[in-house]
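To start, the structure under review is shown below, and the notes come after it.
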Amino acid sequence: MNSRIAVVPGSFDPPTLGHLDVIRRAASLYDQLHVLVVHNPGKEAMLPIAQRLSLLEQSIEESDIAGDVVVASWSMGLLVDYATDVDAGVLVKGIRSQVDVAYETPMAIVNRHLAHVETVFLLPDPAHALVSSSLVRQVASLGGDVSPFVPPAVARFLDTGARGA
């Protein structure tokens, strides 16, 4: 496994400014960064995976995030299977609170055991520390303005009503 290749996994449903903050900082730390949209069977998605991929690509491009950033999706098998396939030695997870740490720590230990993949936790910019995709989905579903919490491409998409909600 190459410790200079990292994966930032997430549902990105929808991508938020907090996600972009983590992606930007991780892209500066690793030679290649895979931003991986994963299917979470425990969550009902607002946006189809193809739309999330498109919004992430647009948001990364519009944000001028430097580096070798690959946007992909993964829905079959373990996250560490994808990491192994692309020779990534690191998973990068953004954490907002102790709740996230408690949730992510067991997975990090199992991933290290299964595939010798390390997990790096990045703390968010304080401006984004309380924003989650779940919160954005709730505000959007009730007709609220989500533009302070999401990249412009996502705000434009959600503002058109094209989210299929």
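Residues in the structure tokens are numbered from 1 in each chain, the chains being A, B, ... in the order shown, and ligands are numbered from 1 in the order shown.
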Each residue of stretch 51-106 of chain A with at least one atom at most 9 Å from stretch 20-41 of chain A should appear once, together with its nearest atom pair and the corresponding distance in Å (one decimal); atoms considered: only C-alpha atoms; ordering: chain, then increasing residue number; output as a Markdown table.
| residue | atom | partner | partner_atom | distance |
| --- | --- | --- | --- | --- |
| A:Arg52 | CA | A:Val37 | CA | 7.4 |
| A:Leu53 | CA | A:Val37 | CA | 7.0 |
| A:Leu56 | CA | A:Val35 | CA | 8.5 |
| A:Ser59 | CA | A:Leu20 | CA | 7.8 |
| A:Ile60 | CA | A:Leu20 | CA | 7.2 |
| A:Ser63 | CA | A:Leu20 | CA | 8.2 |
| A:Asp64 | CA | A:Arg24 | CA | 8.9 |
| A:Ile65 | CA | A:Arg24 | CA | 5.6 |
| A:Ala66 | CA | A:Ala27 | CA | 6.8 |
| A:Gly67 | CA | A:Ala27 | CA | 5.7 |
| A:Asp68 | CA | A:Gln32 | CA | 4.9 |
| A:Val69 | CA | A:Leu33 | CA | 4.8 |
| A:Val70 | CA | A:His34 | CA | 4.7 |
| A:Val71 | CA | A:Val35 | CA | 4.8 |
| A:Ala72 | CA | A:Leu36 | CA | 5.0 |
| A:Ser73 | CA | A:Val37 | CA | 4.5 |
| A:Trp74 | CA | A:Val38 | CA | 5.0 |
| A:Ser75 | CA | A:His39 | CA | 5.1 |
| A:Met76 | CA | A:His39 | CA | 8.4 |
| A:Leu79 | CA | A:Val38 | CA | 8.1 |
| A:Ala83 | CA | A:His34 | CA | 9.0 |
| A:Val86 | CA | A:His34 | CA | 8.7 |
| A:Ala88 | CA | A:His34 | CA | 8.7 |
| A:Val92 | CA | A:Ala26 | CA | 7.3 |
| A:Lys93 | CA | A:Val22 | CA | 7.9 |
| A:Gly94 | CA | A:Val22 | CA | 6.2 |
Residues within 12 Å of A:His116, please, as a ChimeraX atom specification. Count only C-alpha atoms; anything in the same chain fewer than 3 positions from it doesn't count. /A:1-3,80-81,83-84,87-91,108-113,119
Surrounding residues of A:Val131 excluding itself and chain neighbours under 3 positions, 9 Å, only C-alpha atoms, as a PyMOL selection string: chain A and resi 16-18+96+127-128+134-136+149
Once you have the residues from the selection above, write them out as a CSV table (one decimal), in the first residue's frame, restricted to N, CA and C atoms.
chain,number,residue,atom,x,y,z
A,16,THR,N,-21.0,19.1,0.9
A,16,THR,CA,-21.1,20.3,1.7
A,16,THR,C,-19.7,21.1,1.6
A,17,LEU,N,-19.8,22.3,2.2
A,17,LEU,CA,-18.5,23.0,2.3
A,17,LEU,C,-17.5,22.4,3.2
A,18,GLY,N,-18.0,21.6,4.2
A,18,GLY,CA,-17.2,20.9,5.1
A,18,GLY,C,-16.5,19.8,4.3
A,96,ARG,N,-16.3,15.8,13.1
A,96,ARG,CA,-16.8,17.1,13.7
A,96,ARG,C,-16.9,17.1,15.2
A,127,ALA,N,-15.9,26.9,10.9
A,127,ALA,CA,-17.1,27.5,10.2
A,127,ALA,C,-18.0,26.4,9.7
A,128,HIS,N,-17.4,25.1,9.5
A,128,HIS,CA,-18.2,24.0,9.0
A,128,HIS,C,-18.4,22.9,10.0
A,134,SER,N,-26.9,15.5,6.4
A,134,SER,CA,-28.3,15.2,6.9
A,134,SER,C,-29.0,16.5,7.2
A,135,LEU,N,-28.3,17.5,7.8
A,135,LEU,CA,-28.8,18.8,8.2
A,135,LEU,C,-29.2,19.5,6.9
A,136,VAL,N,-28.3,19.5,5.9
A,136,VAL,CA,-28.6,20.1,4.6
A,136,VAL,C,-29.8,19.5,3.9
A,149,PHE,N,-24.1,26.5,3.3
A,149,PHE,CA,-23.5,25.3,3.8
A,149,PHE,C,-23.0,24.4,2.6
Would you give me, as number ranges by chain, the residues in stretch 31-108 of chain A that DSSP reads as strand (DSSP E)? A: 32-38, 68-74, 88-94
